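Have a look at my_file.cif below; it lists mmCIF, C-alpha atoms and all ligand atoms.
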data_my_file
#
loop_
_atom_site.label_atom_id
_atom_site.label_comp_id
_atom_site.auth_asym_id
_atom_site.auth_seq_id
_atom_site.Cartn_x
_atom_site.Cartn_y
_atom_site.Cartn_z
CA MET A 1232 69.97 10.35 20.99
CA THR A 1233 71.57 12.71 18.50
CA SER A 1234 70.74 12.20 14.86
CA PRO A 1235 73.38 11.39 12.24
CA VAL A 1236 71.83 14.09 10.01
CA TRP A 1237 74.36 16.88 9.44
CA HIS A 1238 72.44 20.14 9.12
CA PRO A 1239 73.37 22.98 6.74
CA TYR A 1240 74.81 26.32 7.86
CA ALA A 1241 74.78 25.19 11.51
CA HIS A 1242 77.36 25.42 14.27
CA LEU A 1243 77.41 21.86 15.49
CA LYS A 1244 78.32 22.91 19.02
CA THR A 1245 75.57 25.46 19.55
CA GLN A 1246 72.76 24.28 17.28
CA SER A 1247 69.53 23.40 19.03
CA PRO A 1248 67.90 20.09 18.08
CA ALA A 1249 65.94 20.43 14.82
CA PRO A 1250 62.20 20.02 15.32
CA ARG A 1251 60.79 17.09 13.38
CA VAL A 1252 58.26 17.94 10.67
CA ILE A 1253 55.61 15.29 10.10
CA GLY A 1254 53.47 16.96 7.44
CA GLY A 1255 51.87 20.13 6.29
CA THR A 1256 49.00 21.67 4.36
CA GLY A 1257 48.70 25.09 2.75
CA PRO A 1258 51.12 27.63 4.23
CA ARG A 1259 51.68 25.59 7.44
CA PHE A 1260 53.74 22.57 8.40
CA THR A 1261 53.18 20.42 11.46
CA LEU A 1262 55.73 19.27 14.01
CA GLU A 1263 55.82 16.00 15.88
CA SER A 1264 55.04 18.00 19.04
CA GLY A 1265 51.68 18.96 17.50
CA GLU A 1266 52.74 22.55 16.84
CA SER A 1267 51.58 23.99 13.53
CA LEU A 1268 53.89 26.66 12.11
CA LEU A 1269 53.01 29.23 9.48
CA ASP A 1270 55.98 29.20 7.10
CA ALA A 1271 57.11 32.78 6.37
CA THR A 1272 59.91 31.56 4.09
CA CYS A 1273 58.09 28.79 2.16
CA SER A 1274 61.04 26.48 2.77
CA TRP A 1275 63.84 28.56 1.27
CA TRP A 1276 61.43 30.26 -1.15
CA CYS A 1277 60.50 27.22 -3.22
CA MET A 1278 57.15 25.93 -1.81
CA ILE A 1279 55.16 28.61 -3.61
CA HIS A 1280 51.89 26.58 -3.51
CA GLY A 1281 52.35 25.64 0.13
CA TYR A 1282 52.39 22.07 1.42
CA ALA A 1283 50.37 19.09 0.12
CA HIS A 1284 48.81 20.92 -2.81
CA PRO A 1285 46.36 18.30 -4.17
CA ARG A 1286 47.10 18.95 -7.86
CA LEU A 1287 50.87 18.78 -7.43
CA VAL A 1288 50.67 15.64 -5.31
CA ALA A 1289 48.35 14.00 -7.87
CA ALA A 1290 50.69 14.92 -10.74
CA ILE A 1291 53.62 13.22 -9.02
CA ARG A 1292 51.53 10.14 -8.22
CA GLU A 1293 50.29 9.83 -11.80
CA GLN A 1294 53.74 10.30 -13.29
CA ALA A 1295 55.20 7.79 -10.84
CA GLY A 1296 52.84 5.19 -12.26
CA GLU A 1297 54.07 5.88 -15.81
CA LEU A 1298 57.78 6.65 -15.64
CA CYS A 1299 59.84 7.78 -12.62
CA HIS A 1300 63.12 8.24 -14.39
CA VAL A 1301 65.02 7.66 -17.59
CA MET A 1302 68.32 9.14 -18.77
CA LEU A 1303 68.14 12.18 -21.05
CA GLY A 1304 71.31 11.11 -22.86
CA GLY A 1305 70.07 10.13 -26.31
CA LEU A 1306 66.45 9.76 -25.12
CA THR A 1307 63.56 12.07 -24.44
CA HIS A 1308 60.06 11.90 -22.97
CA GLU A 1309 56.89 13.91 -22.96
CA PRO A 1310 57.22 15.76 -19.62
CA ALA A 1311 60.71 17.04 -20.59
CA ASP A 1312 59.55 18.10 -24.06
CA ARG A 1313 56.37 19.76 -22.84
CA LEU A 1314 58.06 21.59 -19.97
CA ALA A 1315 60.78 22.92 -22.30
CA ARG A 1316 58.09 24.27 -24.63
CA GLU A 1317 56.27 25.87 -21.71
CA LEU A 1318 59.44 27.48 -20.37
CA VAL A 1319 60.19 28.93 -23.80
CA ARG A 1320 56.63 30.28 -23.93
CA ILE A 1321 56.68 32.02 -20.54
CA THR A 1322 60.25 33.36 -20.37
CA PRO A 1323 61.42 36.55 -22.14
CA ALA A 1324 61.25 36.33 -25.94
CA GLY A 1325 64.32 34.75 -27.51
CA LEU A 1326 65.18 32.18 -24.84
CA ASN A 1327 64.42 29.17 -27.05
CA HIS A 1328 66.62 26.38 -25.69
CA VAL A 1329 66.42 24.56 -22.37
CA PHE A 1330 69.15 22.60 -20.58
CA TYR A 1331 67.94 20.73 -17.48
CA SER A 1332 69.81 19.98 -14.29
CA ASP A 1333 68.99 19.05 -10.73
CA SER A 1334 69.54 22.17 -8.59
CA GLY A 1335 69.98 25.91 -8.78
CA SER A 1336 73.73 25.67 -8.17
CA VAL A 1337 74.19 23.17 -10.98
CA GLY A 1338 71.95 25.27 -13.23
CA MET A 1339 74.35 28.17 -12.63
CA GLU A 1340 77.40 25.94 -13.24
CA VAL A 1341 75.82 25.01 -16.58
CA ALA A 1342 75.27 28.71 -17.39
CA MET A 1343 78.89 29.59 -16.62
CA LYS A 1344 80.33 26.68 -18.62
CA MET A 1345 78.01 27.54 -21.50
CA ALA A 1346 79.21 31.16 -21.51
CA VAL A 1347 82.89 30.26 -21.45
CA GLN A 1348 82.52 27.61 -24.17
CA TYR A 1349 80.45 30.02 -26.27
CA HIS A 1350 83.41 32.41 -26.48
CA GLN A 1351 85.83 29.51 -27.06
CA LEU A 1352 83.78 28.33 -30.01
CA ARG A 1353 83.75 31.86 -31.43
CA GLY A 1354 87.54 32.00 -31.30
CA ARG A 1355 87.84 34.14 -28.15
CA PRO A 1356 89.35 31.70 -25.64
CA GLY A 1357 90.71 34.59 -23.58
CA LYS A 1358 87.18 35.37 -22.40
CA HIS A 1359 87.15 32.75 -19.67
CA ARG A 1360 86.45 34.74 -16.52
CA LEU A 1361 83.18 35.92 -15.10
CA LEU A 1362 81.94 39.22 -13.79
CA SER A 1363 79.70 39.09 -10.75
CA LEU A 1364 78.35 41.63 -8.28
CA MET A 1365 79.16 42.19 -4.64
CA LYS A 1366 76.35 40.83 -2.40
CA ALA A 1367 75.73 38.12 -5.00
CA TYR A 1368 74.74 34.58 -4.07
CA HIS A 1369 74.69 31.99 -6.83
CA GLY A 1370 74.98 28.69 -4.95
CA ASP A 1371 77.32 26.53 -2.90
CA THR A 1372 79.27 24.43 -5.44
CA ALA A 1373 82.85 25.48 -6.21
CA GLY A 1374 82.06 27.29 -9.45
CA CYS A 1375 79.20 29.10 -7.76
CA MET A 1376 81.14 29.95 -4.60
CA ALA A 1377 83.69 31.72 -6.80
CA VAL A 1378 81.02 34.15 -8.03
CA CYS A 1379 79.41 34.80 -4.63
CA ASP A 1380 80.33 37.98 -2.74
CA PRO A 1381 83.98 37.26 -1.82
CA GLU A 1382 83.97 39.37 1.36
CA GLU A 1383 80.61 39.18 3.09
CA GLY A 1384 79.48 35.98 1.40
CA MET A 1385 79.75 32.78 3.40
CA HIS A 1386 82.59 31.27 1.37
CA SER A 1387 85.59 33.51 2.15
CA LEU A 1388 87.26 30.53 3.84
CA PHE A 1389 87.64 28.90 0.41
CA ALA A 1390 89.26 31.88 -1.32
CA GLY A 1391 92.52 30.00 -1.95
CA TYR A 1392 90.69 27.06 -3.51
CA LEU A 1393 88.52 29.02 -5.92
CA PRO A 1394 89.17 30.48 -9.36
CA ARG A 1395 89.37 34.27 -9.39
CA HIS A 1396 86.76 36.32 -11.17
CA HIS A 1397 85.87 40.01 -11.38
CA PHE A 1398 83.39 41.83 -9.19
CA ALA A 1399 81.53 45.10 -9.64
CA PRO A 1400 79.94 46.98 -6.73
CA ALA A 1401 76.44 45.89 -5.74
CA PRO A 1402 73.76 48.21 -7.11
CA THR A 1403 72.65 50.86 -4.62
CA ALA A 1404 69.72 52.58 -6.39
CA PRO A 1405 66.37 51.29 -5.06
CA PHE A 1406 63.64 49.66 -7.17
CA ASP A 1407 61.80 52.94 -7.85
CA ALA A 1408 64.95 55.05 -8.40
CA GLU A 1409 65.05 57.78 -11.04
CA PRO A 1410 67.23 56.82 -14.03
CA ALA A 1411 69.82 59.40 -12.92
CA ALA A 1412 70.21 57.61 -9.59
CA VAL A 1413 70.97 54.36 -11.42
CA ARG A 1414 73.69 55.97 -13.52
CA ALA A 1415 76.34 55.79 -10.77
CA ASP A 1416 75.73 52.03 -10.42
CA LEU A 1417 76.01 51.55 -14.17
CA ASP A 1418 79.15 53.68 -14.33
CA ALA A 1419 80.74 51.39 -11.75
CA LEU A 1420 79.76 48.38 -13.84
CA ARG A 1421 81.09 50.03 -17.00
CA ALA A 1422 84.45 50.72 -15.31
CA VAL A 1423 85.03 47.01 -14.57
CA LEU A 1424 83.91 45.97 -18.05
CA ALA A 1425 86.07 48.59 -19.73
CA ALA A 1426 89.14 47.41 -17.82
CA HIS A 1427 88.61 43.64 -18.15
CA HIS A 1428 86.13 42.83 -20.95
CA HIS A 1429 88.82 41.06 -23.00
CA GLU A 1430 88.82 38.28 -20.40
CA ILE A 1431 85.14 38.38 -19.33
CA ALA A 1432 82.76 35.77 -20.76
CA ALA A 1433 79.61 36.80 -18.91
CA LEU A 1434 78.07 39.17 -16.42
CA LEU A 1435 76.02 37.26 -13.85
CA MET A 1436 73.34 38.78 -11.70
CA GLU A 1437 70.28 38.06 -9.63
CA PRO A 1438 68.08 40.59 -11.40
CA LEU A 1439 66.33 43.20 -9.18
CA LEU A 1440 66.72 41.20 -5.97
CA GLN A 1441 70.03 39.96 -4.60
CA ALA A 1442 68.42 37.45 -2.30
CA ALA A 1443 70.66 35.48 0.08
CA GLY A 1444 73.30 38.24 0.07
CA GLY A 1445 71.00 40.59 1.99
CA LEU A 1446 67.79 41.08 -0.02
CA ASN A 1447 69.29 44.02 -1.89
CA MET A 1448 66.78 45.44 -4.37
CA THR A 1449 67.45 47.61 -7.39
CA SER A 1450 65.85 49.28 -10.38
CA PRO A 1451 64.77 47.76 -13.71
CA ASP A 1452 66.90 50.52 -15.29
CA TYR A 1453 69.95 48.74 -13.91
CA LEU A 1454 68.97 45.64 -15.90
CA ARG A 1455 68.44 47.65 -19.08
CA GLY A 1456 71.78 49.41 -18.60
CA ALA A 1457 73.54 46.10 -17.94
CA ARG A 1458 72.06 44.67 -21.14
CA GLU A 1459 73.47 47.60 -23.16
CA LEU A 1460 76.89 47.32 -21.53
CA CYS A 1461 77.06 43.58 -22.23
CA ASP A 1462 76.27 44.19 -25.91
CA GLU A 1463 78.87 46.95 -26.10
CA PHE A 1464 81.62 44.78 -24.57
CA ASP A 1465 80.70 41.42 -26.18
CA VAL A 1466 79.89 39.87 -22.83
CA LEU A 1467 76.96 37.49 -22.28
CA LEU A 1468 74.31 38.50 -19.75
CA VAL A 1469 73.25 35.72 -17.37
CA PHE A 1470 70.20 36.20 -15.16
CA ASP A 1471 70.13 33.95 -12.13
CA GLU A 1472 66.37 33.88 -11.56
CA VAL A 1473 66.57 30.92 -9.18
CA ALA A 1474 65.08 33.09 -6.40
CA THR A 1475 63.34 35.83 -8.41
CA GLY A 1476 61.65 33.56 -10.96
CA PHE A 1477 57.99 32.52 -10.75
CA GLY A 1478 56.53 35.70 -9.36
CA ARG A 1479 58.69 36.58 -6.39
CA THR A 1480 59.30 40.17 -7.54
CA GLY A 1481 55.69 40.75 -8.65
CA LYS A 1482 56.03 39.73 -12.30
CA LEU A 1483 56.56 36.21 -13.56
CA PHE A 1484 60.28 36.94 -13.98
CA ALA A 1485 62.35 39.88 -12.75
CA ALA A 1486 63.49 40.35 -16.37
CA ASP A 1487 59.87 41.20 -17.25
CA HIS A 1488 60.06 44.43 -15.20
CA ALA A 1489 62.72 45.68 -17.61
CA ASP A 1490 61.68 43.96 -20.86
CA VAL A 1491 65.18 42.60 -21.09
CA THR A 1492 66.13 39.21 -22.55
CA PRO A 1493 69.32 37.85 -21.02
CA ASP A 1494 71.47 35.54 -23.13
CA ILE A 1495 71.15 32.83 -20.50
CA MET A 1496 68.63 32.49 -17.68
CA VAL A 1497 68.61 30.04 -14.80
CA LEU A 1498 65.46 28.81 -13.03
CA SER A 1499 65.06 26.48 -10.06
CA LYS A 1500 63.44 26.81 -6.59
CA GLY A 1501 59.84 27.70 -7.65
CA LEU A 1502 60.18 25.75 -10.93
CA THR A 1503 58.68 22.57 -9.47
CA GLY A 1504 56.67 24.42 -6.85
CA GLY A 1505 59.38 23.09 -4.53
CA TYR A 1506 58.07 19.52 -4.74
CA LEU A 1507 61.25 18.10 -6.34
CA GLY A 1508 64.73 19.46 -6.95
CA HIS A 1509 65.22 20.60 -10.53
CA ALA A 1510 66.62 23.46 -12.61
CA ALA A 1511 66.54 24.79 -16.14
CA THR A 1512 69.21 26.86 -17.90
CA LEU A 1513 67.68 28.64 -20.89
CA ALA A 1514 69.69 30.08 -23.78
CA THR A 1515 69.00 32.24 -26.81
CA ASP A 1516 69.45 31.15 -30.43
CA ARG A 1517 72.71 33.13 -30.58
CA VAL A 1518 74.24 31.10 -27.74
CA HIS A 1519 72.80 27.82 -29.00
CA GLU A 1520 73.98 28.35 -32.59
CA ALA A 1521 77.59 28.76 -31.46
CA PHE A 1522 77.42 25.11 -30.37
CA VAL A 1523 76.40 23.91 -33.84
CA GLY A 1524 79.61 22.85 -35.59
CA ASP A 1525 81.83 19.99 -36.66
CA SER A 1526 84.70 19.94 -34.18
CA PRO A 1527 84.60 17.63 -31.15
CA HIS A 1528 84.68 20.80 -29.02
CA HIS A 1529 81.22 21.74 -30.16
CA ALA A 1530 79.42 19.30 -27.85
CA PHE A 1531 78.38 20.75 -24.51
CA MET A 1532 80.08 18.40 -22.06
CA HIS A 1533 77.64 18.37 -19.19
CA GLY A 1534 74.94 15.90 -18.23
CA PRO A 1535 73.70 15.46 -14.68
CA THR A 1536 72.27 11.98 -14.09
CA PHE A 1537 68.87 13.32 -13.10
CA MET A 1538 68.51 16.05 -15.72
CA GLY A 1539 65.00 16.19 -17.10
CA ASN A 1540 63.69 13.78 -14.44
CA PRO A 1541 60.11 12.95 -15.49
CA LEU A 1542 58.65 13.39 -11.99
CA ALA A 1543 60.25 16.83 -11.66
CA CYS A 1544 59.19 17.93 -15.16
CA ARG A 1545 55.64 16.70 -14.64
CA VAL A 1546 55.20 18.49 -11.32
CA ALA A 1547 56.76 21.64 -12.81
CA LEU A 1548 54.12 21.54 -15.58
CA GLU A 1549 51.35 21.20 -12.99
CA SER A 1550 52.87 24.00 -10.88
CA LEU A 1551 52.86 26.31 -13.87
CA ALA A 1552 49.27 25.38 -14.80
CA VAL A 1553 48.07 26.19 -11.26
CA PHE A 1554 50.09 29.42 -11.29
CA GLU A 1555 48.35 30.62 -14.45
CA GLU A 1556 44.84 29.22 -13.89
CA GLU A 1557 44.59 30.56 -10.36
CA ASP A 1558 45.95 34.04 -11.11
CA TYR A 1559 48.99 33.85 -8.87
CA LEU A 1560 50.25 37.21 -10.12
CA GLY A 1561 47.01 38.67 -8.75
CA ARG A 1562 47.58 36.89 -5.43
CA ILE A 1563 51.14 38.18 -5.31
CA ALA A 1564 49.86 41.74 -5.87
CA GLY A 1565 47.52 41.19 -2.90
CA LEU A 1566 50.37 39.96 -0.68
CA ASN A 1567 52.41 42.96 -1.81
CA ARG A 1568 49.67 45.35 -0.66
CA VAL A 1569 49.65 43.79 2.80
CA LEU A 1570 53.44 43.88 3.03
CA CYS A 1571 53.53 47.55 1.99
CA ASP A 1572 50.71 48.53 4.39
CA GLU A 1573 52.05 46.62 7.36
CA LEU A 1574 55.79 47.13 7.02
CA LEU A 1575 56.57 50.13 4.78
CA GLU A 1576 53.83 52.34 6.25
CA ASP A 1577 54.81 51.60 9.85
CA ALA A 1578 56.61 54.69 11.18
CA THR A 1579 57.39 53.06 14.55
CA LEU A 1580 59.24 50.23 12.84
CA ALA A 1581 61.26 52.59 10.61
CA ALA A 1582 62.21 54.69 13.65
CA HIS A 1583 63.40 51.74 15.76
CA PRO A 1584 67.11 52.16 16.62
CA ALA A 1585 67.96 48.61 15.49
CA VAL A 1586 66.29 49.03 12.09
CA GLU A 1587 68.45 50.18 9.19
CA ASP A 1588 65.94 49.83 6.36
CA VAL A 1589 62.64 48.21 5.37
CA ARG A 1590 62.11 47.06 1.77
CA VAL A 1591 59.30 45.36 -0.12
CA LEU A 1592 59.23 44.00 -3.68
CA GLY A 1593 56.51 41.67 -4.96
CA ALA A 1594 55.98 38.91 -2.40
CA THR A 1595 59.23 39.70 -0.61
CA ALA A 1596 59.80 41.93 2.41
CA VAL A 1597 62.82 42.52 4.60
CA ILE A 1598 63.60 44.38 7.78
CA GLU A 1599 67.33 45.08 7.66
CA THR A 1600 68.84 45.55 11.11
CA ARG A 1601 72.14 47.21 11.99
CA ASP A 1602 73.63 44.10 13.56
CA SER A 1603 72.87 40.38 13.36
CA ALA A 1604 72.86 40.42 17.21
CA ASP A 1605 69.62 42.44 16.92
CA LEU A 1606 68.00 39.25 15.60
CA ALA A 1607 69.48 36.76 18.07
CA GLY A 1608 66.68 34.46 19.23
CA VAL A 1609 64.05 35.76 16.80
CA GLY A 1610 63.43 32.30 15.31
CA ASP A 1611 62.56 30.70 18.66
CA TRP A 1612 60.47 33.72 19.63
CA ALA A 1613 58.51 33.58 16.38
CA ARG A 1614 57.95 29.85 16.83
CA GLU A 1615 56.22 30.57 20.13
CA GLN A 1616 53.78 32.72 18.13
CA GLY A 1617 53.24 29.92 15.60
CA VAL A 1618 55.38 31.39 12.80
CA TRP A 1619 58.49 29.91 11.17
CA LEU A 1620 60.97 32.73 10.51
CA ARG A 1621 64.63 32.15 9.75
CA PRO A 1622 66.66 35.32 9.31
CA ILE A 1623 69.78 35.56 7.18
CA GLY A 1624 72.45 37.50 9.10
CA ARG A 1625 71.09 41.01 9.74
CA TRP A 1626 68.04 40.47 7.57
CA LEU A 1627 64.63 39.45 8.91
CA TYR A 1628 62.56 38.65 5.86
CA THR A 1629 59.51 36.91 4.54
CA MET A 1630 59.00 35.21 1.18
CA PRO A 1631 55.65 33.54 1.80
CA ALA A 1632 53.88 30.87 -0.24
CA TYR A 1633 51.57 32.61 -2.72
CA ILE A 1634 48.52 30.79 -1.30
CA THR A 1635 49.01 32.62 2.02
CA ASP A 1636 45.81 34.60 2.72
CA ASP A 1637 45.75 38.18 3.99
CA THR A 1638 45.07 37.14 7.59
CA ASP A 1639 48.09 34.84 7.64
CA MET A 1640 50.23 37.40 5.82
CA ARG A 1641 49.36 39.90 8.59
CA ARG A 1642 50.15 37.29 11.21
CA ILE A 1643 53.64 37.05 9.71
CA THR A 1644 54.17 40.82 9.52
CA ASP A 1645 52.80 41.20 13.09
CA VAL A 1646 55.42 38.76 14.36
CA MET A 1647 58.17 40.46 12.36
CA LYS A 1648 57.19 43.85 13.79
CA GLY A 1649 56.50 42.43 17.24
CA TRP A 1650 60.17 41.51 17.64
CA PHE A 1651 61.02 45.22 17.62
CA ARG A 1652 58.50 46.21 20.32
C1 LIG A 1701 69.13 29.16 -3.89
C2 LIG A 1701 69.86 29.87 -4.95
C3 LIG A 1701 70.82 29.21 -5.75
C4 LIG A 1701 71.24 27.78 -5.48
O1 LIG A 1701 70.21 26.88 -5.67
P1 LIG A 1701 70.32 25.41 -5.03
O2 LIG A 1701 69.14 24.68 -5.56
O3 LIG A 1701 70.29 25.59 -3.53
O4 LIG A 1701 71.61 24.83 -5.47
C5 LIG A 1701 71.41 29.91 -6.78
N1 LIG A 1701 71.09 31.19 -7.02
C6 LIG A 1701 70.19 31.85 -6.28
C7 LIG A 1701 69.85 33.27 -6.63
C8 LIG A 1701 69.55 31.24 -5.22
O5 LIG A 1701 68.68 31.90 -4.46
#

Have the structure of the file written as structure tokens, please.
Amino acid sequence: MTSPVWHPYAHLKTQSPAPRVIGGTGPRFTLESGESLLDATCSWWCMIHGYAHPRLVAAIREQAGELCHVMLGGLTHEPADRLARELVRITPAGLNHVFYSDSGSVGMEVAMKMAVQYHQLRGRPGKHRLLSLMKAYHGDTAGCMAVCDPEEGMHSLFAGYLPRHHFAPAPTAPFDAEPAAVRADLDALRAVLAAHHHEIAALLMEPLLQAAGGLNMTSPDYLRGARELCDEFDVLLVFDEVATGFGRTGKLFAADHADVTPDIMVLSKGLTGGYLGHAATLATDRVHEAFVGDSPHHAFMHGPTFMGNPLACRVALESLAVFEEEDYLGRIAGLNRVLCDELLEDATLAAHPAVEDVRVLGATAVIETRDSADLAGVGDWAREQGVWLRPIGRWLYTMPAYITDDTDMRRITDVMKGWFR
């Protein structure tokens, strides 16, 4: 019997029945059939501690016995307060204010509204459009779709429905590029800002790693240059660290590679270790202070029902404690060494006619193929080898849980490489 569950991103006519997951521990989940699959994607990049982590499960259980939920309108509670303090402590200096919401997309909606209202409150209502990058992915809600790559992104069908924003070319200089190689990318960004800054509220980017749009990586110099351009043109800088946050690029935040503080930063996915949906939009004093005033327009008119959910905040606190106490940045460096050895150093892989490029950054690796047809069937094939891989278009990638050991990391890279033999 077919299930009434409507699956995401799936062609209903050709989709194969979804295997039923009954549990999981560490980097693996278990199917009803008894198969155990090593998750190369940690469930869309959020299950950074793997499945059934005892400390995270215990934190949720304990919190559930005290307080599962209460509205954040006019009330507060300890998990929300403590998590906000912790986020201020660990994020780049200057991000001192935390607005909660329930998903990465809504966290980005909050960031965009905040940026537009910021300029309104400063008497610049004309600055009500956004500047985004080609290859960007910022979520699936309407506001977010409008700042995703309008051509190759998955939302071109909705072009007529969405507000129009500005786009600059995607950065092309790689992570370790010389500053001179980054200049062309920054010149392209400058050109769009110079032409349209009078109507641009904010520049949005996934710093260093444009994830769902094709795992496009760039240099920390691009972030530093973008920061300078935003200051020059009175445009806020918004870092969408929903994917890059919590270690994915090798430092706690991608911003840390460049020592840049954005005006607004959005966190989700790894925030709760993936155990509950939640997001945080952080802002600097400058942004926050613009909202302190007497007119009715000074209130920030947003308030998701589940913002600051105590279960989510409590498990996020536990996730962060485990991350720091168990030296996850050290683990990520170890995973990075395996990814570099196994994928970057493999001359056969690089020479394969279907392979366009191989890139590694932190605990992220991608084999970019020339055509998505080159990856047709790779998921089923990997499953036969006990690995859960789910490519995006032409990109076969891994973003493993940080508790993945070297042997399992090699098992994943062996399967990724094996497809091309
Ligand atoms: C996943 C993702 C989002 C959207 O988050 P959801 O929780 O799925 O709404 C936004 N930005 C980036 C960079 C993401 O990777």

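Ranking A:Ala1373, A:Leu1566, A:Val1597, A:Val1518 by their shortest atom-to-atom distance to ligand LIG 1701 (chain A), with all atoms listed in the file included, puts A:Ala1373 first.
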
**OP:** Find the residues near ligand LIG 1701 (chain A). Use a cut-off of 6 Å, count all atoms listed in the file, and write them as a ChimeraX atom specification.
**Re:** /A:1334-1336,1368-1370,1437,1442,1471,1473-1474

Subject >> Close residues, range 1540-1550 of chain A itself excluded, 6 Å, all atoms listed in the file, min 3 positions apart in chain, as a ChimeraX atom specification >> reply: /A:1287,1290-1291,1294,1299-1300,1310-1311,1314,1502-1504,1507,1537,1553

Restrict the selected residues to C-alpha atoms and save them as a PDB file, in the frame of the given file.
ATOM      1  CA  LEU A1287      50.870  18.780  -7.430  1.00  0.00           C
ATOM      2  CA  ALA A1290      50.690  14.920 -10.740  1.00  0.00           C
ATOM      3  CA  ILE A1291      53.620  13.220  -9.020  1.00  0.00           C
ATOM      4  CA  GLN A1294      53.740  10.300 -13.290  1.00  0.00           C
ATOM      5  CA  CYS A1299      59.840   7.780 -12.620  1.00  0.00           C
ATOM      6  CA  HIS A1300      63.120   8.240 -14.390  1.00  0.00           C
ATOM      7  CA  PRO A1310      57.220  15.760 -19.620  1.00  0.00           C
ATOM      8  CA  ALA A1311      60.710  17.040 -20.590  1.00  0.00           C
ATOM      9  CA  LEU A1314      58.060  21.590 -19.970  1.00  0.00           C
ATOM     10  CA  LEU A1502      60.180  25.750 -10.930  1.00  0.00           C
ATOM     11  CA  THR A1503      58.680  22.570  -9.470  1.00  0.00           C
ATOM     12  CA  GLY A1504      56.670  24.420  -6.850  1.00  0.00           C
ATOM     13  CA  LEU A1507      61.250  18.100  -6.340  1.00  0.00           C
ATOM     14  CA  PHE A1537      68.870  13.320 -13.100  1.00  0.00           C
ATOM     15  CA  VAL A1553      48.070  26.190 -11.260  1.00  0.00           C
TER      16      VAL A1553
END

**OP:** State, in Å with one decimal place, the distance from CA of Pro1323 in chain A to CA of Val1491 in chain A.
**Re:** 7.2 Å

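We find CA of His1509 in chain A and CA of Met1278 in chain A to be spaced 13.0 Å apart.
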
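The two atoms in question, CA of Ala1404 in chain A and CA of Glu1340 in chain A, are spaced 28.6 Å apart.
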
Subject >> Among the residues A:Tyr1282, A:Tyr1331, A:Tyr1240, A:Trp1619, the one that comes closest to Met1538 in chain A [using all atoms listed in the file] >> reply: A:Tyr1331

**OP:** Give the answer as one residue: which of A:Ala1443, A:Trp1650, A:Ala1613, A:Asp1452 has the shortest atom-to-atom distance to Ala1415 in chain A, using only C-alpha atoms?
**Re:** A:Asp1452

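Residue nearest Ala1412 in chain A within the list A:Thr1449, A:Gly1561, A:Ala1581, A:Trp1612: A:Thr1449 [criterion: smallest interatomic distance, all atoms listed in the file].
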
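Comparing the minimum interatomic distances between Asp1270 in chain A and each of A:Gly1593, A:Pro1285, A:Pro1631, A:Pro1405, counting all atoms listed in the file, we find that A:Pro1631 sits nearest.
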
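Taking all atoms listed in the file into account, Glu1430 in chain A lies nearest to A:Gln1351 out of the set A:Thr1579, A:Thr1403, A:Thr1372, A:Gln1351.
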
Subject >> Thr1272 in chain A surroundings by only C-alpha atoms, 12 Å radius, close-in-sequence under 4 positions cut, as a count of residues only >> reply: 32

Env of Phe1330 in chain A: 10 Å cut, atoms = all atoms listed in the file, seq-sep filter 6 positions within chain, self excluded. Answer as a CSV table (one decimal) with C-alpha atoms, in the frame of the given file.
chain,number,residue,atom,x,y,z
A,1315,ALA,CA,60.8,22.9,-22.3
A,1338,GLY,CA,72.0,25.3,-13.2
A,1341,VAL,CA,75.8,25.0,-16.6
A,1342,ALA,CA,75.3,28.7,-17.4
A,1497,VAL,CA,68.6,30.0,-14.8
A,1510,ALA,CA,66.6,23.5,-12.6
A,1511,ALA,CA,66.5,24.8,-16.1
A,1512,THR,CA,69.2,26.9,-17.9
A,1513,LEU,CA,67.7,28.6,-20.9
A,1514,ALA,CA,69.7,30.1,-23.8
A,1533,HIS,CA,77.6,18.4,-19.2
A,1534,GLY,CA,74.9,15.9,-18.2
A,1538,MET,CA,68.5,16.0,-15.7
A,1539,GLY,CA,65.0,16.2,-17.1

Please list, as a PDB file with C-alpha atoms, in the frame of the given file, the residues that have an atom at most 7 Å away from (75.2, 34.2, -28.1) in the coordinates of this file, counting all atoms listed in the file.
ATOM      1  CA  TYR A1349      80.450  30.020 -26.270  1.00  0.00           C
ATOM      2  CA  LEU A1467      76.960  37.490 -22.280  1.00  0.00           C
ATOM      3  CA  ASP A1494      71.470  35.540 -23.130  1.00  0.00           C
ATOM      4  CA  THR A1515      69.000  32.240 -26.810  1.00  0.00           C
ATOM      5  CA  ASP A1516      69.450  31.150 -30.430  1.00  0.00           C
ATOM      6  CA  ARG A1517      72.710  33.130 -30.580  1.00  0.00           C
ATOM      7  CA  VAL A1518      74.240  31.100 -27.740  1.00  0.00           C
ATOM      8  CA  HIS A1519      72.800  27.820 -29.000  1.00  0.00           C
ATOM      9  CA  ALA A1521      77.590  28.760 -31.460  1.00  0.00           C
TER      10      ALA A1521
END

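Residues within 7 Å of Ile1431 in chain A, counting all atoms listed in the file and excluding same-chain residues fewer than 5 positions away, are A:Lys1358, A:His1359, A:Arg1360, A:Leu1361, A:Leu1362, A:Val1466.
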
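By chain and then residue number, the residues within 10 Å of Phe1398 in chain A are Leu1361, Leu1362, Ser1363, Leu1364, Met1365, Lys1366, Ala1367, Val1378, Cys1379, Asp1380, Pro1381, Leu1420, Val1423, Leu1424, Leu1434 and Leu1435 of chain A, counting only C-alpha atoms and disregarding those fewer than 5 positions away in sequence.
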